[in-house]
$ cat structure.txt   # compact mmCIF, C-alpha atoms
# COMPACT_ATOMS: atom_id res chain seq x y z
CA MET A 40 126.01 11.02 189.15
CA ASP A 41 128.62 13.49 188.03
CA GLY A 42 127.51 16.91 186.90
CA ALA A 43 129.18 16.75 183.49
CA SER A 44 127.28 18.46 180.77
CA TYR A 45 128.14 18.47 177.11
CA GLN A 46 125.57 21.07 176.31
CA ARG A 47 126.10 23.63 173.57
CA PHE A 48 124.90 27.23 173.68
CA PRO A 49 123.59 28.22 170.27
CA LYS A 50 123.36 31.83 169.14
CA VAL A 51 120.69 33.33 166.94
CA LYS A 52 120.68 36.51 164.92
CA ILE A 53 117.61 37.44 162.91
CA ARG A 54 118.21 39.11 159.59
CA GLU A 55 114.71 39.53 158.26
CA LEU A 56 111.40 39.15 160.00
CA LYS A 57 108.02 39.35 158.32
CA ASP A 58 104.72 37.72 159.15
CA ASP A 59 105.24 34.72 156.92
CA TYR A 60 109.00 34.83 156.37
CA VAL A 61 111.98 34.83 158.68
CA LYS A 62 115.65 34.60 157.84
CA PHE A 63 118.04 34.05 160.69
CA GLU A 64 121.53 32.83 161.48
CA LEU A 65 122.04 29.92 163.82
CA ARG A 66 125.52 29.51 165.25
CA GLU A 67 127.40 27.22 167.60
CA THR A 68 125.31 24.15 167.13
CA ASP A 69 125.75 21.39 164.63
CA ALA A 70 124.07 20.18 161.49
CA SER A 71 122.03 17.52 163.26
CA MET A 72 120.25 20.18 165.31
CA ALA A 73 119.67 22.39 162.27
CA ASN A 74 118.32 19.46 160.28
CA ALA A 75 116.14 18.27 163.15
CA LEU A 76 114.59 21.74 163.36
CA ARG A 77 114.01 21.76 159.63
CA ARG A 78 112.38 18.32 159.68
CA VAL A 79 110.17 19.21 162.61
CA MET A 80 109.08 22.50 161.04
CA ILE A 81 107.97 20.72 157.91
CA ALA A 82 106.49 17.54 159.31
CA GLU A 83 105.72 17.71 163.01
CA VAL A 84 104.47 21.14 164.01
CA PRO A 85 100.72 20.71 164.42
CA THR A 86 98.19 22.74 162.45
CA ILE A 87 94.47 22.63 161.85
CA ALA A 88 93.04 21.61 158.51
CA ILE A 89 89.72 20.35 157.21
CA ASP A 90 89.58 16.60 157.62
CA LEU A 91 85.95 15.56 157.19
CA VAL A 92 83.51 16.94 154.66
CA GLU A 93 79.77 16.23 154.53
CA ILE A 94 78.32 17.37 151.24
CA GLU A 95 74.60 18.08 151.07
CA VAL A 96 74.33 19.46 147.56
CA ASN A 97 76.94 19.55 144.83
CA SER A 98 75.89 20.30 141.30
CA SER A 99 79.21 21.83 140.28
CA VAL A 100 81.54 20.46 137.63
CA LEU A 101 83.94 19.02 140.24
CA ASN A 102 83.00 15.80 142.01
CA ASP A 103 82.59 15.50 145.78
CA GLU A 104 85.97 14.05 146.68
CA PHE A 105 87.74 16.55 144.44
CA ILE A 106 86.14 19.42 146.34
CA ALA A 107 86.84 17.71 149.67
CA HIS A 108 90.50 17.35 148.71
CA ARG A 109 90.74 21.03 147.82
CA LEU A 110 89.07 22.04 151.07
CA GLY A 111 91.62 20.03 153.02
CA LEU A 112 94.48 21.92 151.43
CA ILE A 113 93.19 25.36 152.43
CA PRO A 114 95.46 26.76 155.18
CA LEU A 115 93.59 27.74 158.35
CA THR A 116 94.97 30.06 161.03
CA SER A 117 96.23 27.60 163.62
CA GLU A 118 97.30 29.49 166.71
CA ARG A 119 95.07 27.16 168.70
CA ALA A 120 96.74 24.06 167.33
CA MET A 121 99.51 23.70 169.90
CA SER A 122 97.05 23.69 172.80
CA MET A 123 94.38 21.60 171.07
CA ARG A 124 94.05 17.85 171.40
CA PHE A 125 94.28 15.36 168.61
CA SER A 126 90.88 13.88 167.77
CA ARG A 127 92.12 10.39 168.47
CA ASP A 128 93.18 11.42 172.00
CA CYS A 129 90.05 13.35 172.84
CA ASP A 130 87.95 11.86 175.63
CA ALA A 131 85.30 14.56 175.64
CA CYS A 132 83.55 13.48 172.48
CA ASP A 133 81.79 10.18 171.88
CA GLY A 134 84.61 9.01 169.66
CA ASP A 135 83.45 10.56 166.43
CA GLY A 136 86.01 13.32 166.83
CA GLN A 137 83.60 16.20 166.37
CA CYS A 138 83.39 17.84 169.76
CA GLU A 139 84.24 21.47 170.37
CA PHE A 140 87.56 20.66 172.09
CA CYS A 141 89.17 18.72 169.33
CA SER A 142 87.61 20.12 166.16
CA VAL A 143 86.31 23.24 164.42
CA GLU A 144 83.23 23.21 162.25
CA PHE A 145 82.90 25.05 158.95
CA HIS A 146 80.06 25.45 156.53
CA LEU A 147 79.82 26.68 153.01
CA ARG A 148 76.72 27.59 151.05
CA ALA A 149 76.99 28.91 147.54
CA LYS A 150 74.53 29.09 144.70
CA CYS A 151 74.99 30.84 141.42
CA ILE A 152 71.92 32.87 140.65
CA ASN A 153 72.91 35.26 137.88
CA ASP A 154 74.57 34.74 134.52
CA GLN A 155 78.03 35.66 135.75
CA THR A 156 80.29 32.77 136.90
CA LEU A 157 80.38 32.56 140.67
CA ASP A 158 83.81 31.99 142.13
CA VAL A 159 83.49 30.01 145.37
CA THR A 160 86.56 30.89 147.42
CA SER A 161 88.01 30.26 150.85
CA LYS A 162 86.35 33.48 151.97
CA ASP A 163 82.99 31.73 151.65
CA LEU A 164 83.96 29.21 154.32
CA TYR A 165 82.35 30.22 157.60
CA SER A 166 83.93 28.98 160.79
CA SER A 167 82.37 28.21 164.16
CA ASP A 168 85.49 29.54 165.86
CA HIS A 169 86.67 32.98 164.86
CA THR A 170 90.28 32.15 165.72
CA VAL A 171 90.38 29.39 163.12
CA VAL A 172 89.60 30.87 159.72
CA PRO A 173 91.04 30.45 156.23
CA VAL A 174 94.25 32.43 155.92
CA ASP A 175 93.86 35.87 154.44
CA PHE A 176 96.48 36.39 151.77
CA SER A 177 95.81 39.99 150.94
CA ASP A 178 98.79 42.25 151.39
CA PRO A 179 97.80 44.83 154.02
CA GLY A 180 99.73 47.54 152.20
CA SER A 181 98.02 47.37 148.83
CA GLY A 182 94.53 46.58 150.12
CA PHE A 183 92.54 49.07 148.10
CA GLU A 184 94.43 49.01 144.84
CA ASN A 185 93.88 45.40 143.86
CA PRO A 186 90.49 44.06 144.92
CA GLU A 187 91.14 40.88 142.89
CA ASP A 188 93.85 39.76 145.31
CA GLN A 189 91.50 39.77 148.24
CA ARG A 190 89.16 37.12 147.01
CA GLY A 191 90.84 34.14 148.65
CA ILE A 192 91.64 30.71 147.28
CA THR A 193 89.28 29.51 144.56
CA ILE A 194 87.56 26.26 145.51
CA VAL A 195 85.24 25.82 142.56
CA LYS A 196 83.46 27.97 139.96
CA LEU A 197 79.70 27.73 139.54
CA ARG A 198 77.48 28.39 136.58
CA LYS A 199 73.93 29.65 136.80
CA GLY A 200 71.84 27.12 138.66
CA GLN A 201 74.73 25.18 140.17
CA GLU A 202 74.89 24.91 143.93
CA LEU A 203 77.33 23.79 146.58
CA ARG A 204 76.37 23.19 150.17
CA LEU A 205 78.58 21.39 152.66
CA ARG A 206 79.66 21.05 156.26
CA ALA A 207 83.32 20.49 157.08
CA ILE A 208 85.15 19.49 160.26
CA ALA A 209 88.72 20.64 160.75
CA ARG A 210 91.05 18.76 163.07
CA LYS A 211 94.54 19.03 164.43
CA GLY A 212 97.22 17.08 162.62
CA ILE A 213 100.87 17.03 161.60
CA GLY A 214 102.59 17.12 158.24
CA LYS A 215 103.80 13.56 158.69
CA ASP A 216 100.21 12.38 158.43
CA HIS A 217 99.23 14.46 155.40
CA ALA A 218 100.88 17.43 153.73
CA LYS A 219 97.78 19.57 154.23
CA TRP A 220 98.80 19.88 157.87
CA SER A 221 102.29 21.16 157.12
CA PRO A 222 102.62 24.80 158.24
CA ALA A 223 105.77 25.44 156.27
CA ALA A 224 105.94 26.51 152.67
CA THR A 225 109.68 26.07 152.50
CA VAL A 226 112.34 25.71 155.19
CA THR A 227 115.94 25.75 154.08
CA PHE A 228 119.28 26.15 155.73
CA MET A 229 122.70 26.60 154.24
CA TYR A 230 126.16 26.49 155.67
CA GLU A 231 127.68 29.91 155.91
CA PRO A 232 130.61 30.08 153.48
CA GLU A 233 134.02 31.42 154.35
CA ILE A 234 135.83 32.72 151.29
CA HIS A 235 139.55 33.45 151.26
CA ILE A 236 141.25 35.20 148.37
CA ASN A 237 144.99 34.87 148.22
CA GLU A 238 145.95 38.47 147.59
CA GLU A 239 149.55 37.77 146.58
CA MET A 240 148.52 35.28 143.92
CA MET A 241 145.79 37.65 142.82
CA GLU A 242 148.45 40.27 142.03
CA THR A 243 149.94 37.98 139.41
CA LEU A 244 146.72 37.90 137.41
CA SER A 245 145.94 40.07 134.43
CA LEU A 246 142.70 42.02 134.19
CA GLU A 247 141.15 39.53 131.74
CA GLU A 248 142.00 36.64 134.01
CA LYS A 249 140.44 38.43 136.97
CA THR A 250 137.28 39.14 134.97
CA SER A 251 137.08 35.52 133.89
CA VAL A 252 137.37 34.37 137.51
CA VAL A 253 134.62 36.75 138.56
CA GLU A 254 132.38 35.59 135.72
CA SER A 255 132.95 31.89 136.19
CA SER A 256 130.60 31.85 139.16
CA PRO A 257 126.95 31.30 138.13
CA THR A 258 125.79 33.47 141.01
CA LYS A 259 127.20 36.87 141.77
CA VAL A 260 129.66 36.13 144.54
CA PHE A 261 132.64 38.13 143.35
CA ALA A 262 133.00 41.45 141.64
CA LEU A 263 135.86 43.39 140.18
CA ASN A 264 136.28 46.65 141.99
CA PRO A 265 136.60 49.29 139.25
CA GLN A 266 138.82 51.59 141.29
CA THR A 267 141.31 49.17 142.74
CA GLN A 268 141.11 46.51 140.00
CA GLN A 269 140.90 43.85 142.68
CA VAL A 270 138.62 40.88 142.89
CA GLU A 271 136.56 41.15 146.00
CA VAL A 272 133.73 39.20 147.59
CA VAL A 273 130.50 41.10 147.15
CA ASP A 274 127.92 38.54 148.40
CA PRO A 275 129.35 35.43 150.05
CA GLU A 276 125.93 33.96 150.69
CA ALA A 277 125.04 33.88 147.02
CA TYR A 278 127.49 31.02 146.80
CA THR A 279 125.59 27.81 146.20
CA TYR A 280 128.54 25.44 146.80
CA ASP A 281 128.93 24.70 143.14
CA ASP A 282 132.69 24.60 142.71
CA GLU A 283 132.75 26.49 139.43
CA VAL A 284 135.14 29.17 140.68
CA LEU A 285 137.49 26.58 142.15
CA LYS A 286 137.48 24.59 138.90
CA LYS A 287 138.13 27.74 136.91
CA VAL A 288 140.99 28.75 139.15
CA GLU A 289 142.53 25.30 138.83
CA ALA A 290 142.07 25.31 135.07
CA MET A 291 143.97 28.59 135.00
CA GLY A 292 146.81 26.84 136.73
CA LYS A 293 146.55 28.71 140.00
CA PRO A 294 145.05 26.40 142.62
CA GLY A 295 144.87 28.03 146.02
CA LEU A 296 143.98 31.42 144.59
CA ILE A 297 140.51 31.19 146.07
CA GLU A 298 139.55 28.91 148.93
CA ILE A 299 136.02 28.40 150.08
CA TYR A 300 135.09 26.56 153.26
CA ALA A 301 131.70 25.87 154.71
CA LYS A 302 131.66 26.76 158.39
CA GLU A 303 130.47 23.62 160.09
CA ASP A 304 128.56 25.22 162.91
CA SER A 305 127.08 28.28 161.25
CA PHE A 306 123.77 28.06 159.40
CA ILE A 307 121.52 30.50 157.62
CA PHE A 308 117.89 29.48 157.92
CA THR A 309 115.11 30.67 155.65
CA VAL A 310 111.64 29.84 156.92
CA GLU A 311 108.58 30.58 154.86
CA SER A 312 105.20 29.77 156.35
CA THR A 313 101.88 29.12 154.60
CA GLY A 314 100.21 31.64 156.85
CA ALA A 315 98.70 29.07 159.21
CA VAL A 316 101.26 30.02 161.84
CA LYS A 317 103.50 33.07 161.87
CA ALA A 318 107.02 32.27 160.73
CA SER A 319 108.69 33.20 164.02
CA GLN A 320 106.01 31.27 165.91
CA LEU A 321 106.67 28.30 163.64
CA VAL A 322 110.29 28.16 164.77
CA ILE A 323 109.30 28.42 168.44
CA ASN A 324 106.67 25.70 168.04
CA ALA A 325 109.23 23.51 166.31
CA ILE A 326 111.57 23.83 169.30
CA ASP A 327 108.70 22.93 171.64
CA VAL A 328 107.71 19.92 169.58
CA LEU A 329 111.32 18.73 169.44
CA LYS A 330 111.52 19.02 173.24
CA GLN A 331 108.32 16.99 173.57
CA LYS A 332 109.73 14.30 171.30
CA LEU A 333 112.94 14.10 173.29
CA ASP A 334 110.94 13.87 176.47
CA ALA A 335 108.96 10.96 175.09
CA VAL A 336 112.17 9.19 174.21
CA ARG A 337 113.72 9.33 177.65
CA LEU A 338 114.64 6.08 179.33
CA LEU A 339 112.16 5.44 182.12
CA GLU A 340 113.21 4.35 185.58
CA ASP A 341 111.28 1.10 185.46
CA THR A 342 112.90 0.07 182.19
CA VAL A 343 116.31 0.43 183.77
CA GLU A 344 115.40 -1.33 187.02
CA ALA A 345 113.89 -4.26 185.21
CA ASP A 346 117.30 -5.01 183.83
CA ASP A 347 119.29 -7.25 186.16
CA GLN A 348 122.84 -6.02 185.80
CA PHE A 349 122.49 -2.28 185.50
CA GLY A 350 119.41 -2.13 187.64
CA GLU A 351 121.33 -3.36 190.65
CA LEU A 352 124.23 -1.10 189.85
CA GLY A 353 121.86 1.84 189.76
CA ALA A 354 120.29 0.84 193.03
CA HIS A 355 123.61 0.54 194.74
CA MET A 356 124.60 3.92 193.46
CA ARG A 357 121.41 5.35 194.87
CA GLY A 358 122.22 3.77 198.21
CA ALA A 359 119.17 1.52 198.29
CA CYS A 360 119.19 -2.18 198.79
CA ARG A 361 116.25 -3.97 197.30
CA VAL A 362 115.29 -7.39 196.08
CA PHE A 363 114.67 -7.41 192.36
CA LEU A 364 112.04 -9.46 190.64
CA PHE A 365 113.43 -10.51 187.33
CA HIS A 366 110.91 -10.26 184.58
CA PHE A 367 111.66 -11.07 181.01
CA GLY A 368 110.25 -9.63 177.86
CA MET B 176 98.52 -2.95 149.17
CA ASN B 177 101.31 -3.58 151.64
CA ALA B 178 101.87 0.03 152.57
CA PRO B 179 101.31 0.74 156.25
CA ASP B 180 98.90 3.54 157.26
CA ARG B 181 100.41 7.01 157.58
CA TYR B 182 99.56 7.30 161.26
CA GLU B 183 101.76 4.28 161.92
CA ARG B 184 104.73 6.59 161.51
CA PHE B 185 104.07 8.32 164.80
CA VAL B 186 101.35 6.54 166.79
CA VAL B 187 102.74 3.97 169.19
CA PRO B 188 100.32 1.03 169.37
CA GLU B 189 98.88 -0.20 172.66
CA GLY B 190 101.18 -2.52 174.54
CA THR B 191 104.36 -1.47 172.78
CA LYS B 192 106.92 0.43 174.76
CA LYS B 193 108.26 3.61 173.22
CA VAL B 194 111.85 2.94 174.34
CA SER B 195 113.29 -0.42 175.22
CA TYR B 196 116.82 -1.68 175.36
CA GLU B 197 118.94 -4.77 175.23
CA ARG B 198 122.35 -5.12 176.75
CA ASP B 199 124.94 -6.65 174.52
CA THR B 200 125.76 -10.11 175.82
CA LYS B 201 129.31 -10.21 174.51
CA ILE B 202 130.56 -6.69 175.15
CA ILE B 203 130.45 -5.09 178.54
CA ASN B 204 128.98 -1.57 178.87
CA ALA B 205 127.21 -1.80 175.53
CA ALA B 206 123.51 -1.59 174.80
CA SER B 207 121.07 -1.09 171.94
CA PHE B 208 118.07 1.16 172.49
CA THR B 209 115.03 0.52 170.31
CA ILE B 210 112.86 3.62 169.95
CA GLU B 211 109.47 3.02 168.38
CA ARG B 212 107.86 5.41 165.88
CA GLU B 213 110.80 7.73 165.50
CA ASP B 214 113.10 8.52 162.62
CA HIS B 215 116.23 10.47 161.71
CA THR B 216 114.93 13.60 163.39
CA ILE B 217 115.59 12.10 166.84
CA GLY B 218 118.13 9.49 165.85
CA ASN B 219 120.72 11.83 164.36
CA ILE B 220 120.44 14.45 167.06
CA VAL B 221 120.83 11.91 169.90
CA ARG B 222 123.71 10.21 168.15
CA MET B 223 125.63 13.46 167.61
CA GLN B 224 125.09 14.45 171.24
CA LEU B 225 126.35 11.05 172.40
CA HIS B 226 129.52 11.60 170.38
CA ARG B 227 130.29 14.67 172.46
CA ASP B 228 130.31 12.63 175.65
CA GLY B 229 133.86 11.77 176.66
CA ASN B 230 132.80 8.45 178.16
CA VAL B 231 131.16 7.16 175.00
CA LEU B 232 133.33 4.90 172.88
CA PHE B 233 130.78 4.14 170.21
CA ALA B 234 127.42 5.66 169.26
CA GLY B 235 125.39 4.99 166.16
CA TYR B 236 121.81 4.69 164.99
CA LYS B 237 120.01 2.99 162.15
CA LEU B 238 116.59 2.48 160.69
CA PRO B 239 116.42 -1.28 160.14
CA HIS B 240 113.89 -0.83 157.33
CA PRO B 241 112.24 2.29 155.90
CA LEU B 242 108.78 0.76 156.30
CA GLN B 243 109.32 -0.26 159.92
CA TYR B 244 109.04 2.93 161.88
CA LYS B 245 111.62 2.52 164.59
CA ILE B 246 115.26 3.32 165.19
CA ILE B 247 117.97 1.41 167.00
CA VAL B 248 120.62 3.43 168.83
CA ARG B 249 123.72 1.55 169.86
CA VAL B 250 125.99 2.89 172.62
CA HIS B 251 129.26 1.59 174.07
CA THR B 252 130.76 3.38 177.02
CA THR B 253 133.85 3.15 179.17
CA SER B 254 133.51 1.65 182.62
CA GLN B 255 133.16 5.17 184.05
CA SER B 256 129.63 5.32 182.78
CA SER B 257 126.87 3.09 181.48
CA PRO B 258 124.97 3.28 178.19
CA MET B 259 121.77 4.21 180.03
CA GLN B 260 123.50 6.99 181.87
CA ALA B 261 125.09 8.30 178.68
CA TYR B 262 121.78 8.14 176.85
CA ASN B 263 119.88 9.98 179.55
CA LEU B 264 122.63 12.55 179.87
CA ALA B 265 122.53 13.14 176.11
CA ILE B 266 118.76 13.68 176.21
CA ASN B 267 119.03 16.04 179.16
CA ASP B 268 121.76 18.06 177.46
CA LEU B 269 119.71 18.32 174.29
CA ASP B 270 116.73 19.44 176.33
CA LYS B 271 118.80 22.19 177.93
CA GLU B 272 120.23 23.21 174.59
CA LEU B 273 116.73 23.55 173.15
CA ASP B 274 115.63 25.58 176.17
CA HIS B 275 118.56 27.92 175.57
CA LEU B 276 117.82 28.11 171.86
CA LYS B 277 114.19 28.96 172.49
CA ALA B 278 115.10 31.70 174.96
CA VAL B 279 117.67 33.18 172.59
CA PHE B 280 115.30 33.08 169.64
CA GLU B 281 112.41 34.64 171.53
CA ALA B 282 114.65 37.39 172.84
CA GLU B 283 115.89 38.06 169.33
CA VAL B 284 112.35 38.20 167.93
CA ALA B 285 111.34 40.61 170.69
CA ARG B 286 114.37 42.75 169.96
CA VAL B 287 113.78 42.87 166.23
CA SER B 288 110.04 43.53 166.46
CA GLY B 289 110.65 46.11 169.16
CA GLU B 290 112.77 48.06 166.72
CA TYR B 291 109.84 48.71 164.42

$ encode --input "structure.txt" --output "structure tokens"
Amino acid sequence: MDGASYQRFPKVKIRELKDDYVKFELRETDASMANALRRVMIAEVPTIAIDLVEIEVNSSVLNDEFIAHRLGLIPLTSERAMSMRFSRDCDACDGDGQCEFCSVEFHLRAKCINDQTLDVTSKDLYSSDHTVVPVDFSDPGSGFENPEDQRGITIVKLRKGQELRLRAIARKGIGKDHAKWSPAATVTFMYEPEIHINEEMMETLSLEEKTSVVESSPTKVFALNPQTQQVEVVDPEAYTYDDEVLKKVEAMGKPGLIEIYAKEDSFIFTVESTGAVKASQLVINAIDVLKQKLDAVRLLEDTVEADDQFGELGAHMRGACRVFLFHFG
Amino acid sequence: MNAPDRYERFVVPEGTKKVSYERDTKIINAASFTIEREDHTIGNIVRMQLHRDGNVLFAGYKLPHPLQYKIIVRVHTTSQSSPMQAYNLAINDLDKELDHLKAVFEAEVARVSGEY
């Protein structure tokens, strides 16, 4: 076979990096790759979430399935998820999907004893594996100022005498199956805009006209420089591809004054994670999952050989000479 | 009532092949690949990569029905290549591109976190 390769070499530049948020630029690849990454981040990166709940006692105001639903939606730290097995693929357990390799067990015991309302939160969920715990949302910086923020996600509130006791099994899953397994809060990408201002035409405008052009944009893309009295681009990425400025410029009778193009191979990604996986890790996992999917979709050798015409052609090219058994279907 | 189960979207049932293909009987060097339990995520990316191949005359994909979880990718090539070759080459190139992207991204993350 010839060694031709039509591979592209994308470039990445990170603008902002926090634990649960990353903003980066992706260049020299096309929209299908950007969209595939977005789709995989939302729907196919595996996480761990509660999937089976056994309730022993529930005298709260919420019914059993309501509480089970809420438990499922609690994000759990899922670093283990990529290396874990799906319950359906696990051969270690007897088929009930509850062995230590494919699941994590949680329990919750809460009873309200005093007159004050007891708030049962995600912090009351105790895990059998210390690496898989409900995500802690408290901001490390302001830890001691606001003790209310550290309580965790409210599951249910109990009155005096009400009790909740349950055992929950968390399993690996993907967002495609149920949204509780999606590790992404939001993933967006936008085309990077390229804005050209025709300086000569701009000279012919009066100050009011320039101000009206600057103000016609709903987001602050342009500004009028007070010293030079020129319209300049102050934040090109605030442009949301509404064509308000272009319509305004045309209405003024000066089309071509401002031209805005979307660069077809330059994207600005914003990835926000639920906390189950770190945002940068989410992107890396998405790339791995996409590679696995492509691998699964490869054409296998036996599929090609089973075909009469191209199978022989392939064999001749490989220098072999074999007798083929035709099989149909 | 008629809705399929959610796991049907990605679990290939026993006995079904993930990828199969049919040559076109009327046009030479043309084939349709049927990929089970995949959607636009793979379909679009493979199709766009096939377009970049100089030997590919036609490449397209479709979902025959939104409730049937499979895609059909159709490829016509010149006589210099075959649809299977073009398809495998496209997948290999995408794999290499993703390897490169992962390396670049990890290096960038290391660089940015190292600055703190």

$ residues_around --input "structure.txt" --residues "stretch 148-151 of chain A" --least-positions-apart "3" --cutoff "6 Å" --atoms "only C-alpha atoms" --output "PDB file with C-alpha atoms, in the frame of the given file"
ATOM      1  CA  LEU A 157      80.380  32.560 140.670  1.00  0.00           C
ATOM      2  CA  LEU A 197      79.700  27.730 139.540  1.00  0.00           C
ATOM      3  CA  ARG A 198      77.480  28.390 136.580  1.00  0.00           C
ATOM      4  CA  LYS A 199      73.930  29.650 136.800  1.00  0.00           C
ATOM      5  CA  GLY A 200      71.840  27.120 138.660  1.00  0.00           C
ATOM      6  CA  GLN A 201      74.730  25.180 140.170  1.00  0.00           C
ATOM      7  CA  GLU A 202      74.890  24.910 143.930  1.00  0.00           C
ATOM      8  CA  LEU A 203      77.330  23.790 146.580  1.00  0.00           C
ATOM      9  CA  ARG A 204      76.370  23.190 150.170  1.00  0.00           C
TER      10      ARG A 204
END

$ residues_around --input "structure.txt" --residues "A:Ile234" --least-positions-apart "6" --cutoff "8 Å" --atoms "only C-alpha atoms" --output "PDB file with C-alpha atoms, in the coordinates of the input"
ATOM      1  CA  VAL A 272     133.730  39.200 147.590  1.00  0.00           C
ATOM      2  CA  PRO A 275     129.350  35.430 150.050  1.00  0.00           C
ATOM      3  CA  ILE A 297     140.510  31.190 146.070  1.00  0.00           C
ATOM      4  CA  GLU A 298     139.550  28.910 148.930  1.00  0.00           C
ATOM      5  CA  ILE A 299     136.020  28.400 150.080  1.00  0.00           C
ATOM      6  CA  TYR A 300     135.090  26.560 153.260  1.00  0.00           C
TER       7      TYR A 300
END

$ interface_residues --input "structure.txt" --of "chain A" --to "chain B" --cutoff "9 Å" --atoms "only C-alpha atoms" --output "PDB file with C-alpha atoms, keeping the file's coordinate frame"
ATOM      1  CA  MET A  40     126.010  11.020 189.150  1.00  0.00           C
ATOM      2  CA  ALA A  43     129.180  16.750 183.490  1.00  0.00           C
ATOM      3  CA  SER A  44     127.280  18.460 180.770  1.00  0.00           C
ATOM      4  CA  TYR A  45     128.140  18.470 177.110  1.00  0.00           C
ATOM      5  CA  GLN A  46     125.570  21.070 176.310  1.00  0.00           C
ATOM      6  CA  ARG A  47     126.100  23.630 173.570  1.00  0.00           C
ATOM      7  CA  PHE A  48     124.900  27.230 173.680  1.00  0.00           C
ATOM      8  CA  PRO A  49     123.590  28.220 170.270  1.00  0.00           C
ATOM      9  CA  LYS A  50     123.360  31.830 169.140  1.00  0.00           C
ATOM     10  CA  VAL A  51     120.690  33.330 166.940  1.00  0.00           C
ATOM     11  CA  LYS A  52     120.680  36.510 164.920  1.00  0.00           C
ATOM     12  CA  ILE A  53     117.610  37.440 162.910  1.00  0.00           C
ATOM     13  CA  ARG A  54     118.210  39.110 159.590  1.00  0.00           C
ATOM     14  CA  GLU A  55     114.710  39.530 158.260  1.00  0.00           C
ATOM     15  CA  LEU A  56     111.400  39.150 160.000  1.00  0.00           C
ATOM     16  CA  ASP A  69     125.750  21.390 164.630  1.00  0.00           C
ATOM     17  CA  ALA A  70     124.070  20.180 161.490  1.00  0.00           C
ATOM     18  CA  SER A  71     122.030  17.520 163.260  1.00  0.00           C
ATOM     19  CA  MET A  72     120.250  20.180 165.310  1.00  0.00           C
ATOM     20  CA  ASN A  74     118.320  19.460 160.280  1.00  0.00           C
ATOM     21  CA  ALA A  75     116.140  18.270 163.150  1.00  0.00           C
ATOM     22  CA  LEU A  76     114.590  21.740 163.360  1.00  0.00           C
ATOM     23  CA  ARG A  78     112.380  18.320 159.680  1.00  0.00           C
ATOM     24  CA  VAL A  79     110.170  19.210 162.610  1.00  0.00           C
ATOM     25  CA  LYS A 215     103.800  13.560 158.690  1.00  0.00           C
ATOM     26  CA  ASP A 216     100.210  12.380 158.430  1.00  0.00           C
ATOM     27  CA  HIS A 217      99.230  14.460 155.400  1.00  0.00           C
ATOM     28  CA  SER A 319     108.690  33.200 164.020  1.00  0.00           C
ATOM     29  CA  VAL A 322     110.290  28.160 164.770  1.00  0.00           C
ATOM     30  CA  ILE A 323     109.300  28.420 168.440  1.00  0.00           C
ATOM     31  CA  ILE A 326     111.570  23.830 169.300  1.00  0.00           C
ATOM     32  CA  ASP A 327     108.700  22.930 171.640  1.00  0.00           C
ATOM     33  CA  LEU A 329     111.320  18.730 169.440  1.00  0.00           C
ATOM     34  CA  LYS A 330     111.520  19.020 173.240  1.00  0.00           C
ATOM     35  CA  LYS A 332     109.730  14.300 171.300  1.00  0.00           C
ATOM     36  CA  LEU A 333     112.940  14.100 173.290  1.00  0.00           C
ATOM     37  CA  ASP A 334     110.940  13.870 176.470  1.00  0.00           C
ATOM     38  CA  ALA A 335     108.960  10.960 175.090  1.00  0.00           C
ATOM     39  CA  VAL A 336     112.170   9.190 174.210  1.00  0.00           C
ATOM     40  CA  ARG A 337     113.720   9.330 177.650  1.00  0.00           C
ATOM     41  CA  LEU A 338     114.640   6.080 179.330  1.00  0.00           C
ATOM     42  CA  LEU A 339     112.160   5.440 182.120  1.00  0.00           C
ATOM     43  CA  THR A 342     112.900   0.070 182.190  1.00  0.00           C
ATOM     44  CA  VAL A 343     116.310   0.430 183.770  1.00  0.00           C
ATOM     45  CA  ASP A 346     117.300  -5.010 183.830  1.00  0.00           C
ATOM     46  CA  PHE A 349     122.490  -2.280 185.500  1.00  0.00           C
TER      47      PHE A 349
END

$ residues_around --input "structure.txt" --residues "B:Asp199" --least-positions-apart "3" --cutoff "12 Å" --atoms "all atoms listed in the file" --output "PyMOL selection string"
(chain A and resi 348) or (chain B and resi 196+202-208+249-252+258)

$ atom_distance --input "structure.txt" --atom1 "atom CA of A:Asp154" --atom2 "atom CA of A:Ala107"
25.9 Å

$ residues_around --input "structure.txt" --residues "stretch 279-290 of chain A" --least-positions-apart "2" --cutoff "10 Å" --atoms "all atoms listed in the file" --output "ChimeraX atom specification"
/A:229-230,232,248-249,251-258,260-261,275-277,292-301

$ atom_distance --input "structure.txt" --atom1 "atom CA of A:Val159" --atom2 "atom CA of A:Leu110"
11.3 Å

$ closest_residue --input "structure.txt" --among "A:Gly212, A:Gly191, A:Gly111, A:Pro222" --to "A:Val92" --atoms "only C-alpha atoms"
A:Gly111

$ atom_distance --input "structure.txt" --atom1 "atom CA of A:Lys259" --atom2 "atom CA of A:Asp274"
6.9 Å

$ axis_aligned_box --input "structure.txt" --around "stretch 233-252 of chain B" --padding-each-side "8 Å" --output "AutoDock Vina command-line options"
--center_x 119.8 --center_y 2.2 --center_z 166.5 --size_x 38.0 --size_y 22.9 --size_z 37.1
